$ cat upload-v8.json   # JSON, C-alpha atoms and all ligand atoms
[["chain", "number", "residue", "atom", "x", "y", "z"],
["A", 417, "MET", "CA", 0.39, 3.79, -18.17],
["A", 418, "GLU", "CA", 1.98, 0.39, -18.87],
["A", 419, "PRO", "CA", 3.62, -1.24, -15.83],
["A", 420, "ARG", "CA", 6.96, -1.45, -17.65],
["A", 421, "GLU", "CA", 6.68, 2.22, -18.53],
["A", 422, "ILE", "CA", 6.20, 3.22, -14.87],
["A", 423, "ILE", "CA", 9.41, 1.44, -13.88],
["A", 424, "ARG", "CA", 11.33, 2.71, -16.89],
["A", 425, "ARG", "CA", 10.45, 6.31, -16.16],
["A", 426, "ALA", "CA", 11.40, 6.04, -12.49],
["A", 427, "LEU", "CA", 14.76, 4.52, -13.45],
["A", 428, "GLU", "CA", 15.32, 7.25, -16.01],
["A", 429, "GLU", "CA", 14.70, 9.87, -13.34],
["A", 430, "GLY", "CA", 17.13, 8.06, -11.02],
["A", 431, "ARG", "CA", 14.47, 7.30, -8.41],
["A", 432, "SER", "CA", 14.81, 4.14, -6.31],
["A", 433, "LYS", "CA", 11.28, 4.42, -4.94],
["A", 434, "LEU", "CA", 8.12, 4.51, -7.00],
["A", 435, "LEU", "CA", 5.81, 7.34, -6.04],
["A", 436, "GLU", "CA", 2.72, 6.04, -4.27],
["A", 437, "HIS", "CA", 0.33, 6.57, -7.19],
["A", 438, "GLU", "CA", 2.80, 4.76, -9.48],
["A", 439, "ALA", "CA", 2.99, 1.87, -7.01],
["A", 440, "TYR", "CA", -0.83, 1.59, -6.99],
["A", 441, "GLU", "CA", -0.93, 1.60, -10.76],
["A", 442, "LEU", "CA", 1.63, -1.19, -10.97],
["A", 443, "VAL", "CA", -0.04, -3.24, -8.23],
["A", 444, "GLY", "CA", -3.48, -2.67, -9.79],
["A", 445, "SER", "CA", -2.26, -3.92, -13.14],
["A", 446, "TYR", "CA", -1.62, -7.31, -11.46],
["A", 447, "ASN", "CA", -5.27, -7.61, -10.47],
["A", 448, "ILE", "CA", -4.63, -6.61, -6.89],
["A", 449, "PRO", "CA", -7.52, -4.46, -5.62],
["A", 450, "VAL", "CA", -6.48, -0.86, -4.92],
["A", 451, "PRO", "CA", -8.53, 2.22, -3.95],
["A", 452, "LYS", "CA", -9.18, 4.95, -6.49],
["A", 453, "ALA", "CA", -6.43, 7.55, -6.24],
["A", 454, "TYR", "CA", -5.10, 10.58, -8.11],
["A", 455, "LEU", "CA", -2.14, 12.88, -7.59],
["A", 456, "ALA", "CA", -2.87, 16.56, -6.91],
["A", 457, "LYS", "CA", -0.28, 19.32, -7.04],
["A", 458, "THR", "CA", -2.28, 21.92, -5.11],
["A", 459, "PRO", "CA", -4.98, 21.94, -2.39],
["A", 460, "GLU", "CA", -7.52, 23.28, -4.93],
["A", 461, "GLU", "CA", -6.76, 20.45, -7.32],
["A", 462, "ALA", "CA", -7.09, 17.99, -4.41],
["A", 463, "GLY", "CA", -10.59, 19.36, -3.77],
["A", 464, "LYS", "CA", -11.59, 18.88, -7.41],
["A", 465, "LEU", "CA", -10.24, 15.34, -7.52],
["A", 466, "ALA", "CA", -12.07, 14.48, -4.29],
["A", 467, "GLU", "CA", -15.36, 15.52, -5.92],
["A", 468, "LYS", "CA", -14.57, 13.13, -8.76],
["A", 469, "ILE", "CA", -13.86, 10.19, -6.41],
["A", 470, "GLY", "CA", -16.56, 10.77, -3.79],
["A", 471, "TYR", "CA", -16.35, 10.73, 0.00],
["A", 472, "PRO", "CA", -14.86, 9.80, 2.46],
["A", 473, "ILE", "CA", -11.38, 10.71, 1.23],
["A", 474, "VAL", "CA", -7.85, 10.12, 2.52],
["A", 475, "LEU", "CA", -4.99, 12.50, 1.71],
["A", 476, "LYS", "CA", -1.32, 11.45, 1.73],
["A", 477, "ILE", "CA", 1.89, 13.29, 1.02],
["A", 478, "VAL", "CA", 3.72, 11.98, -2.06],
["A", 479, "SER", "CA", 7.49, 12.36, -1.88],
["A", 480, "PRO", "CA", 10.44, 10.27, -3.05],
["A", 481, "ASP", "CA", 12.14, 11.20, 0.24],
["A", 482, "ILE", "CA", 9.45, 10.18, 2.75],
["A", 483, "SER", "CA", 8.86, 6.52, 3.65],
["A", 484, "HIS", "CA", 6.68, 6.79, 6.74],
["A", 485, "LYS", "CA", 4.12, 9.38, 5.84],
["A", 486, "SER", "CA", 2.27, 9.37, 9.18],
["A", 487, "ASP", "CA", 5.48, 10.27, 11.04],
["A", 488, "VAL", "CA", 5.61, 13.66, 9.33],
["A", 489, "GLY", "CA", 1.89, 14.47, 9.53],
["A", 490, "GLY", "CA", 1.52, 13.33, 5.94],
["A", 491, "VAL", "CA", -1.70, 11.31, 6.19],
["A", 492, "ILE", "CA", -5.19, 12.64, 7.00],
["A", 493, "LEU", "CA", -8.14, 10.22, 7.00],
["A", 494, "ASP", "CA", -11.91, 10.56, 6.76],
["A", 495, "LEU", "CA", -12.48, 13.82, 4.89],
["A", 496, "ASN", "CA", -16.08, 14.37, 3.91],
["A", 497, "SER", "CA", -16.36, 17.49, 1.77],
["A", 498, "LYS", "CA", -14.43, 19.49, -0.79],
["A", 499, "GLU", "CA", -13.74, 22.20, 1.80],
["A", 500, "GLU", "CA", -12.35, 19.67, 4.28],
["A", 501, "VAL", "CA", -10.11, 18.22, 1.59],
["A", 502, "VAL", "CA", -8.70, 21.63, 0.57],
["A", 503, "GLU", "CA", -7.99, 22.53, 4.22],
["A", 504, "ALA", "CA", -6.43, 19.12, 4.97],
["A", 505, "ALA", "CA", -4.19, 19.35, 1.90],
["A", 506, "LYS", "CA", -2.89, 22.73, 3.11],
["A", 507, "LYS", "CA", -2.31, 21.20, 6.52],
["A", 508, "ILE", "CA", -0.34, 18.29, 5.05],
["A", 509, "PHE", "CA", 1.91, 20.57, 2.98],
["A", 510, "ASP", "CA", 2.43, 22.69, 6.10],
["A", 511, "ASN", "CA", 3.19, 19.69, 8.39],
["A", 512, "VAL", "CA", 5.66, 18.26, 5.93],
["A", 513, "SER", "CA", 7.43, 21.55, 5.29],
["A", 514, "LYS", "CA", 8.08, 21.72, 9.07],
["A", 515, "LYS", "CA", 8.91, 18.08, 9.78],
["A", 516, "ALA", "CA", 10.76, 17.19, 6.58],
["A", 517, "PRO", "CA", 11.93, 20.57, 5.21],
["A", 518, "ASN", "CA", 14.34, 19.05, 2.69],
["A", 519, "ALA", "CA", 11.99, 16.47, 1.18],
["A", 520, "ARG", "CA", 11.07, 16.87, -2.48],
["A", 521, "ILE", "CA", 7.29, 16.99, -2.82],
["A", 522, "ALA", "CA", 5.43, 15.53, -5.83],
["A", 523, "GLY", "CA", 2.04, 16.50, -4.45],
["A", 524, "VAL", "CA", -0.70, 14.96, -2.39],
["A", 525, "LEU", "CA", -2.46, 11.68, -3.14],
["A", 526, "VAL", "CA", -6.25, 12.00, -3.11],
["A", 527, "GLN", "CA", -7.51, 8.52, -2.30],
["A", 528, "GLU", "CA", -10.80, 6.76, -1.75],
["A", 529, "MET", "CA", -11.11, 5.83, 1.93],
["A", 530, "VAL", "CA", -11.83, 2.13, 2.19],
["A", 531, "PRO", "CA", -13.83, 0.56, 5.04],
["A", 532, "TYR", "CA", -11.92, -0.56, 8.09],
["A", 533, "GLY", "CA", -10.97, -4.25, 8.06],
["A", 534, "LEU", "CA", -8.45, -6.62, 9.60],
["A", 535, "GLU", "CA", -5.08, -5.10, 8.63],
["A", 536, "VAL", "CA", -2.74, -7.64, 7.05],
["A", 537, "ILE", "CA", 0.60, -7.27, 5.31],
["A", 538, "VAL", "CA", 1.94, -8.79, 2.13],
["A", 539, "GLY", "CA", 5.57, -8.04, 1.36],
["A", 540, "GLY", "CA", 8.00, -9.21, -1.24],
["A", 541, "LEU", "CA", 11.71, -8.96, -1.83],
["A", 542, "ARG", "CA", 14.39, -10.14, -4.17],
["A", 543, "ASP", "CA", 16.87, -12.30, -2.31],
["A", 544, "GLY", "CA", 20.36, -13.03, -3.67],
["A", 545, "ILE", "CA", 19.96, -16.74, -2.99],
["A", 546, "PHE", "CA", 16.24, -17.54, -3.04],
["A", 547, "GLY", "CA", 15.07, -15.09, -5.70],
["A", 548, "SER", "CA", 11.54, -13.68, -5.36],
["A", 549, "VAL", "CA", 10.33, -14.20, -1.79],
["A", 550, "VAL", "CA", 6.83, -13.26, -0.60],
["A", 551, "MET", "CA", 5.88, -12.64, 3.04],
["A", 552, "PHE", "CA", 2.48, -12.66, 4.77],
["A", 553, "GLY", "CA", 1.55, -11.42, 8.23],
["A", 554, "ILE", "CA", -1.15, -9.70, 10.28],
["A", 555, "GLY", "CA", -0.49, -6.00, 10.90],
["A", 556, "GLY", "CA", 0.38, -4.24, 14.16],
["A", 557, "ILE", "CA", 2.19, -6.05, 16.96],
["A", 558, "PHE", "CA", 1.98, -9.41, 15.23],
["A", 559, "VAL", "CA", 4.46, -8.26, 12.63],
["A", 560, "GLU", "CA", 6.39, -5.67, 14.61],
["A", 561, "LEU", "CA", 6.87, -7.39, 17.98],
["A", 562, "LEU", "CA", 6.04, -11.03, 17.50],
["A", 563, "ARG", "CA", 7.49, -11.45, 14.00],
["A", 564, "ASP", "CA", 4.59, -13.77, 13.23],
["A", 565, "VAL", "CA", 5.05, -14.06, 9.46],
["A", 566, "SER", "CA", 5.30, -16.75, 6.79],
["A", 567, "PHE", "CA", 7.38, -16.89, 3.61],
["A", 568, "ARG", "CA", 7.34, -18.67, 0.24],
["A", 569, "ILE", "CA", 9.48, -18.48, -2.85],
["A", 570, "ALA", "CA", 7.68, -17.46, -6.07],
["A", 571, "PRO", "CA", 6.04, -18.73, -8.18],
["A", 572, "ILE", "CA", 3.41, -19.40, -5.52],
["A", 573, "SER", "CA", 0.24, -21.40, -6.22],
["A", 574, "GLU", "CA", -3.06, -20.38, -4.65],
["A", 575, "GLU", "CA", -2.85, -23.49, -2.47],
["A", 576, "GLU", "CA", 0.60, -22.56, -1.19],
["A", 577, "ALA", "CA", -0.63, -19.04, -0.53],
["A", 578, "LEU", "CA", -3.47, -20.47, 1.60],
["A", 579, "GLU", "CA", -0.87, -22.50, 3.54],
["A", 580, "MET", "CA", 1.08, -19.30, 4.19],
["A", 581, "ILE", "CA", -2.06, -17.69, 5.58],
["A", 582, "ASN", "CA", -2.90, -20.69, 7.77],
["A", 583, "GLU", "CA", 0.57, -21.26, 9.18],
["A", 584, "ILE", "CA", 1.05, -17.96, 11.01],
["A", 585, "LYS", "CA", 0.47, -18.30, 14.76],
["A", 586, "ALA", "CA", -2.30, -15.70, 14.83],
["A", 587, "SER", "CA", -4.22, -17.33, 11.97],
["A", 588, "LYS", "CA", -7.24, -17.73, 14.29],
["A", 589, "LEU", "CA", -7.80, -13.99, 13.93],
["A", 590, "LEU", "CA", -8.80, -14.70, 10.34],
["A", 591, "GLU", "CA", -11.34, -17.31, 11.26],
["A", 592, "GLY", "CA", -14.02, -15.26, 12.95],
["A", 593, "TYR", "CA", -12.40, -14.39, 16.23],
["A", 594, "ARG", "CA", -14.79, -13.19, 19.00],
["A", 595, "GLY", "CA", -17.87, -12.94, 16.87],
["A", 596, "GLN", "CA", -16.18, -11.27, 13.90],
["A", 597, "PRO", "CA", -17.06, -12.79, 10.53],
["A", 598, "PRO", "CA", -14.30, -14.95, 9.00],
["A", 599, "ILE", "CA", -11.88, -13.23, 6.62],
["A", 600, "ASP", "CA", -11.91, -14.01, 2.89],
["A", 601, "LYS", "CA", -8.68, -16.05, 2.77],
["A", 602, "LYS", "CA", -9.07, -16.71, -0.93],
["A", 603, "ALA", "CA", -8.91, -13.00, -1.72],
["A", 604, "LEU", "CA", -5.70, -12.71, 0.33],
["A", 605, "ALA", "CA", -4.24, -15.82, -1.32],
["A", 606, "LYS", "CA", -4.81, -14.23, -4.74],
["A", 607, "ILE", "CA", -2.94, -11.11, -3.66],
["A", 608, "ILE", "CA", 0.00, -13.25, -2.46],
["A", 609, "VAL", "CA", 0.09, -15.16, -5.77],
["A", 610, "ASN", "CA", -0.02, -11.92, -7.76],
["A", 611, "VAL", "CA", 2.71, -10.24, -5.71],
["A", 612, "GLY", "CA", 4.89, -13.26, -6.52],
["A", 613, "GLU", "CA", 4.12, -12.81, -10.21],
["A", 614, "LEU", "CA", 4.81, -9.08, -10.08],
["A", 615, "LEU", "CA", 8.25, -9.75, -8.56],
["A", 616, "GLU", "CA", 9.05, -12.48, -11.06],
["A", 617, "GLU", "CA", 8.09, -10.42, -14.07],
["A", 618, "ASN", "CA", 9.81, -7.18, -13.00],
["A", 619, "PRO", "CA", 13.43, -7.91, -12.08],
["A", 620, "GLU", "CA", 14.09, -4.23, -11.30],
["A", 621, "ILE", "CA", 11.82, -4.43, -8.25],
["A", 622, "GLN", "CA", 13.87, -4.93, -5.10],
["A", 623, "SER", "CA", 11.05, -4.94, -2.60],
["A", 624, "ILE", "CA", 7.34, -4.35, -2.29],
["A", 625, "ASP", "CA", 5.39, -3.61, 0.83],
["A", 626, "LEU", "CA", 1.60, -3.66, 0.92],
["A", 627, "ASN", "CA", 1.01, -2.44, 4.45],
["A", 628, "PRO", "CA", -1.77, -2.46, 5.32],
["A", 629, "ILE", "CA", -4.16, -4.47, 3.22],
["A", 630, "MET", "CA", -7.69, -4.21, 4.62],
["A", 631, "ALA", "CA", -9.10, -7.74, 4.74],
["A", 632, "TYR", "CA", -12.87, -8.25, 4.76],
["A", 633, "SER", "CA", -15.32, -11.14, 4.98],
["A", 634, "SER", "CA", -15.59, -10.67, 1.24],
["A", 635, "GLY", "CA", -12.57, -9.33, -0.63],
["A", 636, "ALA", "CA", -9.63, -7.19, 0.45],
["A", 637, "LYS", "CA", -8.13, -3.84, -0.52],
["A", 638, "VAL", "CA", -4.60, -2.43, -0.42],
["A", 639, "ALA", "CA", -4.42, 0.79, 1.64],
["A", 640, "ASP", "CA", -0.67, 1.55, 1.34],
["A", 641, "ALA", "CA", 1.83, 0.44, -1.29],
["A", 642, "ARG", "CA", 5.60, 0.92, -1.32],
["A", 643, "ILE", "CA", 7.83, -0.34, -4.13],
["A", 644, "ILE", "CA", 11.63, -0.01, -4.22],
["A", 645, "ILE", "CA", 13.46, -0.49, -7.51],
["A", 646, "LYS", "CA", 17.10, -1.07, -8.30],
["A", 647, "THR", "CA", 19.02, 1.86, -9.74],
["A", 648, "LYS", "CA", 22.16, 0.56, -11.39],
["B", 1, "LIG", "N1", -7.33, 4.56, 1.66],
["B", 1, "LIG", "C1", -7.41, 4.27, 2.96],
["B", 1, "LIG", "N2", -8.58, 3.88, 3.49],
["B", 1, "LIG", "C2", -8.67, 3.60, 4.81],
["B", 1, "LIG", "N3", -7.66, 3.68, 5.69],
["B", 1, "LIG", "C3", -6.46, 4.07, 5.22],
["B", 1, "LIG", "C4", -6.28, 4.38, 3.83],
["B", 1, "LIG", "N4", -5.00, 4.73, 3.65],
["B", 1, "LIG", "C5", -4.41, 4.65, 4.86],
["B", 1, "LIG", "N5", -5.27, 4.26, 5.81],
["B", 1, "LIG", "C6", -4.96, 4.06, 7.25],
["B", 1, "LIG", "O1", -3.96, 5.02, 7.63],
["B", 1, "LIG", "C7", -2.76, 4.37, 8.05],
["B", 1, "LIG", "C8", -1.54, 5.16, 7.58],
["B", 1, "LIG", "O2", -1.53, 5.29, 6.16],
["B", 1, "LIG", "P1", -0.34, 4.72, 5.27],
["B", 1, "LIG", "O3", -0.63, 5.04, 3.85],
["B", 1, "LIG", "O4", -0.12, 3.28, 5.61],
["B", 1, "LIG", "O5", 0.90, 5.64, 5.75],
["B", 1, "LIG", "P2", 2.37, 5.30, 6.29],
["B", 1, "LIG", "O6", 3.31, 5.79, 5.24],
["B", 1, "LIG", "O7", 2.49, 6.11, 7.55],
["B", 1, "LIG", "O8", 2.49, 3.82, 6.51],
["B", 1, "LIG", "C9", -2.86, 2.96, 7.44],
["B", 1, "LIG", "O9", -2.13, 2.03, 8.21],
["B", 1, "LIG", "C10", -4.36, 2.69, 7.50],
["B", 1, "LIG", "O10", -4.77, 2.25, 8.78],
["B", 2, "MG", "MG", 1.58, 2.09, 5.75]]
$ encode --input "upload-v8.json" --output "structure tokens"
Amino acid sequence: MEPREIIRRALEEGRSKLLEHEAYELVGSYNIPVPKAYLAKTPEEAGKLAEKIGYPIVLKIVSPDISHKSDVGGVILDLNSKEEVVEAAKKIFDNVSKKAPNARIAGVLVQEMVPYGLEVIVGGLRDGIFGSVVMFGIGGIFVELLRDVSFRIAPISEEEALEMINEIKASKLLEGYRGQPPIDKKALAKIIVNVGELLEENPEIQSIDLNPIMAYSSGAKVADARIIIKTK
């Protein structure tokens, strides 16, 4: 589906949050690397889709009413067979029906599990004064406790994006800390540039949260995407 079409349909349905598979589609259309993912309505369908993607698989609840999926038992990682996927999907529906009984459920996202990497965050928001603002940070305590993040106003050049990456206090973690290979900063810079573009070209988007992005010595991949749109 066209990116504009995804937003239009969500607005039409009065939703202020894109469903996760819609968010991936939109993000992917801006050349930001995303894992393969499909929406399943039933555990059996989840099993079939997993066979199509290959293993390991991650399952996630998809609901317009749930923001933090892990908090309601809505994420299960590292599933390695069709049977495991079917069972895990049942478990997710069961967890969510107990922990968020009033949430509307669109289904379960069947997603390629990507290799573990350094978890970084790229966020974006529309500010009344500055316009499209993009944020970069390293995941975990660096963002949550230390607020170690950098910001730029879009449009952002690749050079500016590299500055954003280098100016956070924990930037050493990206440079091969304790024998780890250095992180591909260029791949992260491209994601930052493209998030800026996505915000600029889609004025309905209020905020975007790619958290986490798995960063590797070569390349990077988004593992969670949240997009909030304006309903007028
Ligand atoms: N496709 C994936 N591949 C590998 N790890 C993943 C994937 N999706 C999620 N994870 C891991 O599971 C965690 C929780 O999933 P996430 O989609 O971020 O849920 P939440 O809504 O709770 O933030 C992520 O922070 C990441 O560490
Ligand atoms: Mg997340």
$ closest_residue --input "upload-v8.json" --among "A:Ile554, A:Ala641, A:Ile537, A:Ile545" --to "Lys588 of chain A" --atoms "all atoms listed in the file"
A:Ile554
$ residues_near_ligand --input "upload-v8.json" --ligand "ligand MG 2 (chain B)" --cutoff "6 Å" --atoms "only C-alpha atoms and all ligand atoms" --output "list in words"
Asn627, Pro628 and Asp640 of chain A
$ residues_near_ligand --input "upload-v8.json" --ligand "ligand LIG 1 (chain B)" --cutoff "7 Å" --atoms "only C-alpha atoms and all ligand atoms" --output "count of residues only"
20
$ atom_distance --input "upload-v8.json" --atom1 "atom CA of Met630 of chain A" --atom2 "atom CA of Asp600 of chain A"
10.8 Å
$ closest_residue --input "upload-v8.json" --among "A:Val559, A:Leu604, A:Ile521, A:Leu626" --to "Glu576 of chain A" --atoms "all atoms listed in the file"
A:Leu604
$ atom_distance --input "upload-v8.json" --atom1 "atom CA of Ile607 of chain A" --atom2 "atom CA of Leu541 of chain A"
14.9 Å
$ axis_aligned_box --input "upload-v8.json" --around "segment 427-439 of chain A" --padding-each-side "8 Å" --output "lines of an AutoDock Vina configuration file"
center_x = 8.7
center_y = 5.9
center_z = -10.1
size_x = 32.8
size_y = 24.0
size_z = 27.7
$ decode --input "upload-v8.json" --residues "segment 600-643 of chain A" --atoms "C-alpha atoms" --output "CSV table (one decimal), in the first residue's frame"
chain,number,residue,atom,x,y,z
A,600,ASP,CA,28.0,1.2,11.2
A,601,LYS,CA,27.4,4.9,11.9
A,602,LYS,CA,26.6,5.6,8.3
A,603,ALA,CA,23.7,3.2,8.3
A,604,LEU,CA,22.3,4.9,11.4
A,605,ALA,CA,22.9,8.4,9.9
A,606,LYS,CA,20.8,7.3,6.8
A,607,ILE,CA,17.9,6.3,9.1
A,608,ILE,CA,18.1,9.7,10.9
A,609,VAL,CA,18.0,11.5,7.5
A,610,ASN,CA,15.1,9.4,6.3
A,611,VAL,CA,13.0,9.9,9.5
A,612,GLY,CA,13.5,13.6,9.0
A,613,GLU,CA,12.2,13.2,5.4
A,614,LEU,CA,9.2,11.1,6.5
A,615,LEU,CA,8.2,13.8,9.0
A,616,GLU,CA,8.6,16.6,6.5
A,617,GLU,CA,6.6,14.8,3.8
A,618,ASN,CA,3.7,13.6,6.0
A,619,PRO,CA,2.4,16.5,8.1
A,620,GLU,CA,-0.3,14.3,9.7
A,621,ILE,CA,2.5,12.5,11.6
A,622,GLN,CA,2.8,13.8,15.2
A,623,SER,CA,5.5,11.5,16.4
A,624,ILE,CA,7.5,8.5,15.4
A,625,ASP,CA,9.4,6.2,17.7
A,626,LEU,CA,11.8,3.6,16.4
A,627,ASN,CA,12.7,1.8,19.6
A,628,PRO,CA,14.8,-0.2,19.4
A,629,ILE,CA,16.8,-0.2,16.2
A,630,MET,CA,19.4,-3.0,16.3
A,631,ALA,CA,22.7,-1.5,15.2
A,632,TYR,CA,25.4,-3.8,13.7
A,633,SER,CA,29.0,-3.5,12.5
A,634,SER,CA,27.3,-3.5,9.0
A,635,GLY,CA,23.8,-2.1,8.7
A,636,ALA,CA,21.0,-1.7,11.2
A,637,LYS,CA,17.4,-2.9,11.5
A,638,VAL,CA,14.3,-1.4,13.1
A,639,ALA,CA,12.8,-3.8,15.7
A,640,ASP,CA,9.8,-1.7,16.9
A,641,ALA,CA,8.0,1.1,15.3
A,642,ARG,CA,5.4,3.4,16.7
A,643,ILE,CA,3.7,6.3,14.7
